[in-house]
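J.: Dropping the structure in here first, questions after.
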Amino acid sequence: MIELIFPDGSKRAFDEGASGRDVAASIAKSLEKRALLVRLDGELLDLDRPLPRSGTFEILTRESPDALEVIRHDASHVLAQAVQELFPGTQVTIGPAIEEGFYYDFARDEPFSLDDLSAMEARMAEIVDRDEKIVREVWDRNEAIAHFREIGEAYKAEIISDLPEDEVITVYRQGSWKDLCLGPHLPSTRHVGKAFKLTKLAGAYWRGDHRNAQLQRIYGTAWASEADLEAYLKRIEEAERRDHRRIGRAMDLFHLQEEAKGMIFWHPKGWTLYRTVEAYMRRRLETDGYVEVKAPQVMDRGLWEKSGHWEKFGQAMFTCETTEGEELAVKPMNCPGHVQIFNFGQKSYRDLPLRMAEFGACHRYEPSGALHGIMRLRAFTQDDAHIFCREDQIEAETTKFVKLLNSVYSDFGLDLHSVKLALRPDIRAGSDEVWDIAEAKLDRAARQAVNMEVEPLPGEGAFYGPKLEFHLRDAIGRTWQCGTLQLDFVLPERLDAEYVAEDGSKQRPVMLHRAICGSMERFLGVAIENYAGAFPLWLAPTQAVVASITSDADEYAREVAAEMKAAGLRVELDLRNEKINYKVREHSLAKTPVIAAVGRREAEGRAVAIRRLGSEGQTILPLGEAVSALAGEAIPPDLARAALRS
RNA sequence: GCCGGCUUAGCUCAGCUGGUAGAGCAGCGGUUUUGUAAACCGAAGGUCACGGGUUCGAGUCCUGUAGCCGGCACCA
């Protein structure tokens with residue numbers, strides 16, 4: 001007998017060998033029909049699998065988020081079956097569920113074409129209609145390896161060989177097709193439903209390693225219902241309209257061109273936006289106790305050799321040689337420069353923590369395939385700072401930093417998507433004890449400062465220390481690392497940084513590399529997508545347009561614009577011989593937050609008709625009142641807070 | 001860098017199976033003085049990314065290169 005505890009707390013006993021389906025049927029016939037999976041002590045199991053033990057028990061239907069993940073996983077299996085039916089000789093590898101869908105990696109010499117996708121979708125629908133039962137089988141390890149080898153599935157055979165000896169090998173069969181898989185799965189292919197769509201074709205390396213063969217990955221999306229699928233497709237379509245590259249062009253913010261790939265030509269409006277963000281960041285750093293510096297853009301190779309960057313990243317540095325034979329490199333990062341400033345003269349323990357900031361323009365020869373709009377560039381500017389401190393100051397500095405970062409992000413209406421902690425890599429400097437302490441400190445400080453999970457990334461830290469990563473999302477859900485804080489025990493050593501301690505001895509400081517925006521350009525890209533170009537007043541490159549209704553009001557319109565400008569607003573004047581409807585439409589499409597229309601009536605009454613982006617009507621206000629209200633609203637959030645406090 | 005796709009006017013896009021380029025918007029010249037999301041007329045605008053090839057003939061087919069896009073790998 002096994003005993004199951006249901007979600008309502010009730011307990012019931014069932015015969016040994018009873019399956020989830022038996023349990024569901026014993027409750028209600030309708031429940032059996034709707035049941036897809038069961039959860040036993042937190043573990044998801046196939047509906048028809050005999051329950052292996054007693055425990056807390058739950059029946060999952062289509063509506064459960066866990067069921068959706070299994071639907072997606074099964075969709076990937078159905079895809080694999082469809083592909084193997086349509087393209088015999090194609091090898092299967094792996095095909096997991098992912099956020100919003102699934103993918104499957106195939107090995108096939110000939111590339112799939114986009115046109116093949118619709119044929120695959122049709123075949124998938126057919127397999128769903130066949131309603132093939134999905135059956136779990138436990139196989140002997142060696143037999144499984146031999147079998148998959150024999151049928152030409154080398155990748156599957158390799159996966160099994162690499163599994164631990166004691167791992168139970170399960171194979172799931174649907175009709176004549178089968179796949180090695182941990183499961184669980186739906187009872188039959190019908191339950192996958194038809195709310196799926198194959199979305200893209202891509203290359204992907206076997207086991208994520210570029211030295212391995214490249215496989216063909218097919219991505220798809222799958223949902224519990226057609227309505228969910230439609231909503232998803234619509235969401236993606238809408239999101240594509242927020243693409244920073246599209247908005248950048250439409251709003252005339254910047255452009256990129258072949259002759260300087262991976263580098264931005266900022267146009268006047270875009271540069272205004274950039275400078276607004278930079279000025280804001282500069283204030284935030286200043287009030288948080290940072291000093292700002294500026295180090296040379298190009299420095300001698302010798303310095304990069306000493307810092308260790310030449311050896312590790314020399315390939316990715318822009319270099320040049322002078323006619324006198326010096327070898328120079330354009331800085332790919334700011335830290336060695338900052339250490340030079342730290343090293344100049346003597347530093348005392350009283351100077352620590354020394355927070356040295358720079359809006360540092362960096363150049364890196366990024367692989368061509370990595371470039372992406374203004375999110376990933378070859379020339380970018382870090383809002384970089386290095387905190388030189390003692391070991392016992394690391395935790396407080398980290399907490400302080402994360403608080404600042406949180407506050408900055410919230411001023412831009414951004415939600416942190418995730419926080420990750422990259423842990424020690426195989427090849428690293430420093431002893432394990434030092435790493436233990438460093439990792440623990442970052443973890444503790446981050447948890448304390450943000451109210452969210454800190455996801456560990458084993459092996460992904462830099463060789464010189466662990467690294468906190470703060471990720472934001474773009475319009476279509478891709479995440480970008482923006483903020484970062486990295487502990488560094490190595491560079492101070494290599495570049496010989498030291499300070500005089502209380503007892504007069506010379507000590508090595510620890511360095512914290514940290515950035516909030518990461519790259520100004522990437523952060524602006526994320527901000528553009530976040531606001532879809534409709535910036536709040538303090539950020540908008542053009543905050544207001546004064547539009548005349550008839551030429552009678554031109555002179556007054558000039559006066560209004562001048563008043564606004566005098567109040568510090570970024571204002572444009574539109575005196576063109578066009579209808580007000582036309583002007584309103586044009587400036588609305590350009591996402592100008594405020595349109596101040598003036599005609600004869602306003603000129604006579606010394607008023608302005610204020611129209612806000614996104615609202616239908618307008619408010620008529622006396623000129624002075626309108627100007628001071630707008631000027632007040634245009635105050636950056638940090639200054640507004642400061643004003644409130646004083 | 002790797003796999004796949006794309007590249008036609010300033011922008012967004014048409015151009016079927018090869019017969020030497022088309023629209024809307026913007027821009028320019030006029031007319032219109034307008035009350036809150038597109039007034040009207042006109043003229044102009046293109047080495048069809050770049051190079052090579054097949055062909056009587058290439059935007060269209062083949063091939064090379066570049067950039068971009070979607071992934072993968074990379075990201076000090």
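Numbering starts fresh at 1 for the residues of each chain in the structure tokens, the chains themselves are lettered A, B, ... in the order given, and ligands are numbered from 1 as they appear.
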Run DSSP on the backbone and grab whatever in region 84-195 of chain A lands in helix (DSSP H, G or I); send it over as a ChimeraX atom specification.
T.: /A:84-86,114-130,141-150,154-162,189-192
J.: Those same residues, written as a CSV table (one decimal), in the first residue's frame with N, CA and C atoms?
T.:
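Generated file (selection_23.csv):
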chain,number,residue,atom,x,y,z
A,84,GLN,N,12.7,13.6,-38.2
A,84,GLN,CA,13.2,12.3,-38.6
A,84,GLN,C,12.4,11.6,-39.7
A,85,GLU,N,11.1,11.8,-39.6
A,85,GLU,CA,10.2,11.2,-40.6
A,85,GLU,C,10.4,11.9,-41.9
A,86,LEU,N,10.6,13.2,-41.9
A,86,LEU,CA,10.7,14.0,-43.2
A,86,LEU,C,12.1,13.9,-43.7
A,114,LEU,N,14.4,27.7,-44.4
A,114,LEU,CA,13.3,28.3,-43.7
A,114,LEU,C,12.0,27.6,-44.2
A,115,ASP,N,12.0,27.3,-45.5
A,115,ASP,CA,10.8,26.7,-46.1
A,115,ASP,C,10.5,25.3,-45.5
A,116,ASP,N,11.5,24.6,-45.0
A,116,ASP,CA,11.3,23.3,-44.4
A,116,ASP,C,10.4,23.4,-43.1
A,117,LEU,N,10.5,24.6,-42.5
A,117,LEU,CA,9.8,24.7,-41.2
A,117,LEU,C,8.3,24.5,-41.3
A,118,SER,N,7.7,25.0,-42.4
A,118,SER,CA,6.2,24.8,-42.5
A,118,SER,C,5.9,23.3,-42.8
A,119,ALA,N,6.7,22.6,-43.5
A,119,ALA,CA,6.5,21.2,-43.7
A,119,ALA,C,6.6,20.5,-42.4
A,120,MET,N,7.6,20.9,-41.5
A,120,MET,CA,7.8,20.3,-40.2
A,120,MET,C,6.6,20.6,-39.3
A,121,GLU,N,6.1,21.8,-39.4
A,121,GLU,CA,4.9,22.1,-38.6
A,121,GLU,C,3.7,21.3,-39.0
A,122,ALA,N,3.5,21.1,-40.3
A,122,ALA,CA,2.4,20.3,-40.8
A,122,ALA,C,2.5,18.8,-40.3
A,123,ARG,N,3.8,18.3,-40.3
A,123,ARG,CA,4.0,16.9,-39.9
A,123,ARG,C,3.8,16.8,-38.4
A,124,MET,N,4.2,17.9,-37.6
A,124,MET,CA,4.0,17.9,-36.2
A,124,MET,C,2.5,17.8,-35.9
A,125,ALA,N,1.7,18.6,-36.6
A,125,ALA,CA,0.2,18.6,-36.4
A,125,ALA,C,-0.3,17.2,-36.7
A,126,GLU,N,0.3,16.5,-37.7
A,126,GLU,CA,-0.2,15.2,-38.0
A,126,GLU,C,0.1,14.2,-36.9
A,127,ILE,N,1.3,14.3,-36.3
A,127,ILE,CA,1.7,13.5,-35.2
A,127,ILE,C,0.8,13.7,-34.0
A,128,VAL,N,0.5,15.0,-33.8
A,128,VAL,CA,-0.5,15.3,-32.7
A,128,VAL,C,-1.8,14.6,-32.9
A,129,ASP,N,-2.3,14.7,-34.2
A,129,ASP,CA,-3.6,14.0,-34.5
A,129,ASP,C,-3.5,12.5,-34.4
A,130,ARG,N,-2.3,11.9,-34.6
A,130,ARG,CA,-2.2,10.5,-34.5
A,130,ARG,C,-2.4,10.1,-33.1
A,141,ARG,N,21.9,0.2,-19.5
A,141,ARG,CA,22.8,1.2,-20.0
A,141,ARG,C,23.6,0.7,-21.2
A,142,ASN,N,24.2,-0.4,-21.1
A,142,ASN,CA,25.1,-0.9,-22.3
A,142,ASN,C,24.2,-1.2,-23.5
A,143,GLU,N,23.1,-1.8,-23.2
A,143,GLU,CA,22.2,-2.1,-24.4
A,143,GLU,C,21.8,-0.8,-25.0
A,144,ALA,N,21.5,0.2,-24.2
A,144,ALA,CA,21.0,1.4,-24.8
A,144,ALA,C,22.1,2.1,-25.7
A,145,ILE,N,23.4,2.0,-25.1
A,145,ILE,CA,24.5,2.6,-25.9
A,145,ILE,C,24.6,1.8,-27.2
A,146,ALA,N,24.6,0.5,-27.1
A,146,ALA,CA,24.8,-0.3,-28.3
A,146,ALA,C,23.7,0.0,-29.3
A,147,HIS,N,22.5,0.1,-28.8
A,147,HIS,CA,21.3,0.3,-29.7
A,147,HIS,C,21.4,1.6,-30.4
A,148,PHE,N,21.7,2.7,-29.7
A,148,PHE,CA,21.7,4.0,-30.3
A,148,PHE,C,22.9,4.1,-31.3
A,149,ARG,N,24.0,3.4,-31.0
A,149,ARG,CA,25.1,3.4,-31.9
A,149,ARG,C,24.6,2.7,-33.2
A,150,GLU,N,24.0,1.5,-33.0
A,150,GLU,CA,23.6,0.7,-34.1
A,150,GLU,C,22.7,1.5,-35.1
A,154,ALA,N,24.8,8.6,-32.9
A,154,ALA,CA,26.0,8.7,-32.2
A,154,ALA,C,25.9,9.7,-31.0
A,155,TYR,N,25.2,10.8,-31.2
A,155,TYR,CA,25.1,11.7,-30.1
A,155,TYR,C,24.4,11.2,-28.9
A,156,LYS,N,23.3,10.5,-29.2
A,156,LYS,CA,22.5,9.9,-28.1
A,156,LYS,C,23.4,8.9,-27.3
A,157,ALA,N,24.1,8.1,-28.1
A,157,ALA,CA,25.0,7.1,-27.5
A,157,ALA,C,26.1,7.8,-26.6
A,158,GLU,N,26.5,8.9,-27.1
A,158,GLU,CA,27.5,9.7,-26.3
A,158,GLU,C,26.9,10.2,-25.0
A,159,ILE,N,25.7,10.7,-25.1
A,159,ILE,CA,25.0,11.2,-23.9
A,159,ILE,C,24.9,10.1,-22.9
A,160,ILE,N,24.5,8.9,-23.3
A,160,ILE,CA,24.3,7.8,-22.3
A,160,ILE,C,25.7,7.4,-21.7
A,161,SER,N,26.7,7.3,-22.6
A,161,SER,CA,28.0,7.0,-22.1
A,161,SER,C,28.5,7.9,-21.0
A,162,ASP,N,28.1,9.2,-21.2
A,162,ASP,CA,28.6,10.2,-20.2
A,162,ASP,C,27.7,10.3,-19.0
A,189,THR,N,0.6,12.1,-27.6
A,189,THR,CA,0.9,13.3,-28.4
A,189,THR,C,-0.3,14.3,-28.6
A,190,ARG,N,-1.5,13.8,-28.5
A,190,ARG,CA,-2.6,14.7,-28.6
A,190,ARG,C,-2.6,15.9,-27.7
A,191,HIS,N,-2.0,15.6,-26.5
A,191,HIS,CA,-2.0,16.6,-25.4
A,191,HIS,C,-1.1,17.8,-25.7
A,192,VAL,N,-0.2,17.6,-26.6
A,192,VAL,CA,0.7,18.7,-27.0
A,192,VAL,C,-0.1,19.8,-27.6
J.: From a DSSP calculation on the backbone, collect every residue of region 605-644 of chain A in strand (DSSP E) and output the set as number ranges by chain.
T.: A: 607-612, 619-622
J.: Write out, as a PDB file, in the first residue's frame, the residues just selected, with C-alpha atoms.
T.:
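That gives us selection_21.pdb:
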ATOM      1  CA  ALA A 607      -1.538  81.335 -22.508  1.00  0.00           C
ATOM      2  CA  VAL A 608      -0.422  78.011 -23.978  1.00  0.00           C
ATOM      3  CA  ALA A 609      -2.415  74.919 -24.882  1.00  0.00           C
ATOM      4  CA  ILE A 610      -0.403  72.002 -23.469  1.00  0.00           C
ATOM      5  CA  ARG A 611      -0.906  68.588 -24.980  1.00  0.00           C
ATOM      6  CA  ARG A 612       0.761  65.568 -23.378  1.00  0.00           C
ATOM      7  CA  THR A 619      -4.900  72.027 -20.985  1.00  0.00           C
ATOM      8  CA  ILE A 620      -4.879  75.770 -21.408  1.00  0.00           C
ATOM      9  CA  LEU A 621      -2.532  77.387 -18.904  1.00  0.00           C
ATOM     10  CA  PRO A 622      -1.157  80.882 -18.400  1.00  0.00           C
TER      11      PRO A 622
END
J.: Need the shell around region 502-507 of chain A: protein/DNA/RNA residues with any atom at most 12 Å away, counting only C-alpha atoms (C1' of nucleotides). Skip same-chain ones fewer than 6 positions apart. Format as a ChimeraX atom specification?
T.: /A:346-352,388-391,492-493,496
J.: Can you write just those residues out, C-alpha atoms, as a PDB file, in the first residue's frame?
T.:
ATOM      1  CA  GLN A 346      51.583  57.807  -1.521  1.00  0.00           C
ATOM      2  CA  LYS A 347      48.246  56.531  -0.331  1.00  0.00           C
ATOM      3  CA  SER A 348      47.301  56.088   3.282  1.00  0.00           C
ATOM      4  CA  TYR A 349      44.764  53.785   4.887  1.00  0.00           C
ATOM      5  CA  ARG A 350      42.946  57.029   5.593  1.00  0.00           C
ATOM      6  CA  ASP A 351      42.342  57.424   1.830  1.00  0.00           C
ATOM      7  CA  LEU A 352      40.465  54.131   1.671  1.00  0.00           C
ATOM      8  CA  PHE A 388      40.485  50.607  -3.709  1.00  0.00           C
ATOM      9  CA  CYS A 389      39.825  49.297  -0.241  1.00  0.00           C
ATOM     10  CA  ARG A 390      40.874  46.955   2.535  1.00  0.00           C
ATOM     11  CA  GLU A 391      39.518  43.427   2.656  1.00  0.00           C
ATOM     12  CA  PRO A 492      46.916  45.512  -7.385  1.00  0.00           C
ATOM     13  CA  GLU A 493      49.651  42.912  -7.053  1.00  0.00           C
ATOM     14  CA  ASP A 496      52.155  47.176  -7.481  1.00  0.00           C
TER      15      ASP A 496
END
J.: I'd like to know which of A:Ile236, A:Met333, A:Leu421, A:Ala515 is closest to chain B, using only C-alpha atoms (C1' of nucleotides).
T.: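 The shortest atom-to-atom distance to chain B comes from A:Met333.
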J.: What residues in chain B have any atom no more than 10 Å from chain A when counting only C-alpha atoms (C1' of nucleotides), and can you write them as number ranges by chain?
T.: B: 1-5, 11, 32-39, 66-76
J.: Quick one: everything within 12 Å of Glu69 (chain A), counting only C-alpha atoms (C1' of nucleotides), minus sequence neighbours fewer than 3 positions away in the same chain. Send it as a ChimeraX atom specification.
T.: /A:36-37,44,60-66,72-76,96-102,183-186,192,221-224
J.: Hey, can you check how far CA of Asp426 (chain A) sits from CA of Gly314 (chain A)?
T.: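 Separating CA of Asp426 (chain A) from CA of Gly314 (chain A) is a distance of 21.2 Å.
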